[in-house]
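Visitor: I'd like to ask you about the structure that follows.
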Amino acid sequence: MVQSFLLDSFLKFHIVAESTGESLYIGDKRLINLNTLDKMLEKTIHLAIIILLMAVIIKVGNKLINKLVKKQIESNYKFSMDEKKANTIGTLLQSILKYSVYFIGITTMLSSLFGNISWAFASIGGVAVGLGAQSFVKDVINGVFILFEEQFAVGDYITIANSTPIQGIVESIGLRTTELRDFNGDVNIIPNGSILIVTNHCKGDMRVLVDVEVAYETDIDYAIGIINKVCNKMNKTDKNITSPLEALGVMSFNPSGITIRVVGKAKPMTQWNIERELRKELKLALDKEGIEIPYPKTQIVNLSKEVSVK
């Protein structure tokens, strides 16, 4: 019984020849022309090969670019670039490679799917793409100016003054976008065309500033001398200090004490660590010398004393 059912089903599912070609039938119902099916499979395989080639070219190209950047950083040639500039050029080359491969790949896939496109259709499509690509062209042009004018580089700490200012470390600069990682760890992807005003905090040495408050009873000259001893010690040991740390003098009189300011300069992105270390060393030195750093105190006075009556 089962064998009879299977045989009947097989006989209903058959291929017959027609004058226009072979077609696939189930019973008396025609499903598809086999020549059409063959062309669809061929195009599908063709598209899959193109996508695979695109992925391989981008992956291999990125590895080669990273290798060249690393070699450039480690080289001691006269015209070799510094690390920041080499990384910036590397991210730009990767961006150019990605967009070039995408453009060529998509164009090839469209040609494979639709064949020769008429001039009229191509003109209409070109106008539509041109209108939609205005922002893209603006981003690319602004990105080129950012790179050639060296407004900032990969690894720089910058502030972009948009409607909402964005601060962070530049992770990559592409043809169209710039990636900025803020101090919370979030990555901000900003179109280059929207970057109008940039503050680069890594152009030249950065200021180190620490305010120290001492009590009014303290001998100011003695306290400044202790502070300068700590500064001199750090000037000799910390190679990131570019302009010596020193006590600038009394800056203000506060309700609880006198503020003495310490200033200096350091290499970009190292000033915060130096300030933290300086505060620690100043606290230890002032405590050792018995110089009080004032802080809010609460004194409770009990005015109601029990008076014994004889």
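Ligands are numbered from 1 in the order shown, chains are lettered A, B, ... in the order of the structure tokens, and residues start at 1 in each chain.
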Return as an MDAnalysis selection string the full set of residues in stretch 83-205 of chain A whose backbone-based DSSP assignment is alpha helix (DSSP H).

Guide: chainID A and resid 83:114 119:132 134:148

Visitor: Among stretch 79-269 of chain A, which ones does DSSP place in strand (DSSP E or B), written as a PyMOL selection string?

Guide: chain A and resi 157-160+166-173+177-181+187-191+198-200+206-214+241-253+258-266

Visitor: In terms of the shortest atom-to-atom distance over only C-alpha atoms, which of A:Ile106, A:Ile224, A:Leu113, A:Val208 is closest to A:Glu42?

Guide: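 Once distances to A:Glu42 are computed over only C-alpha atoms, the minimum belongs to A:Leu113.
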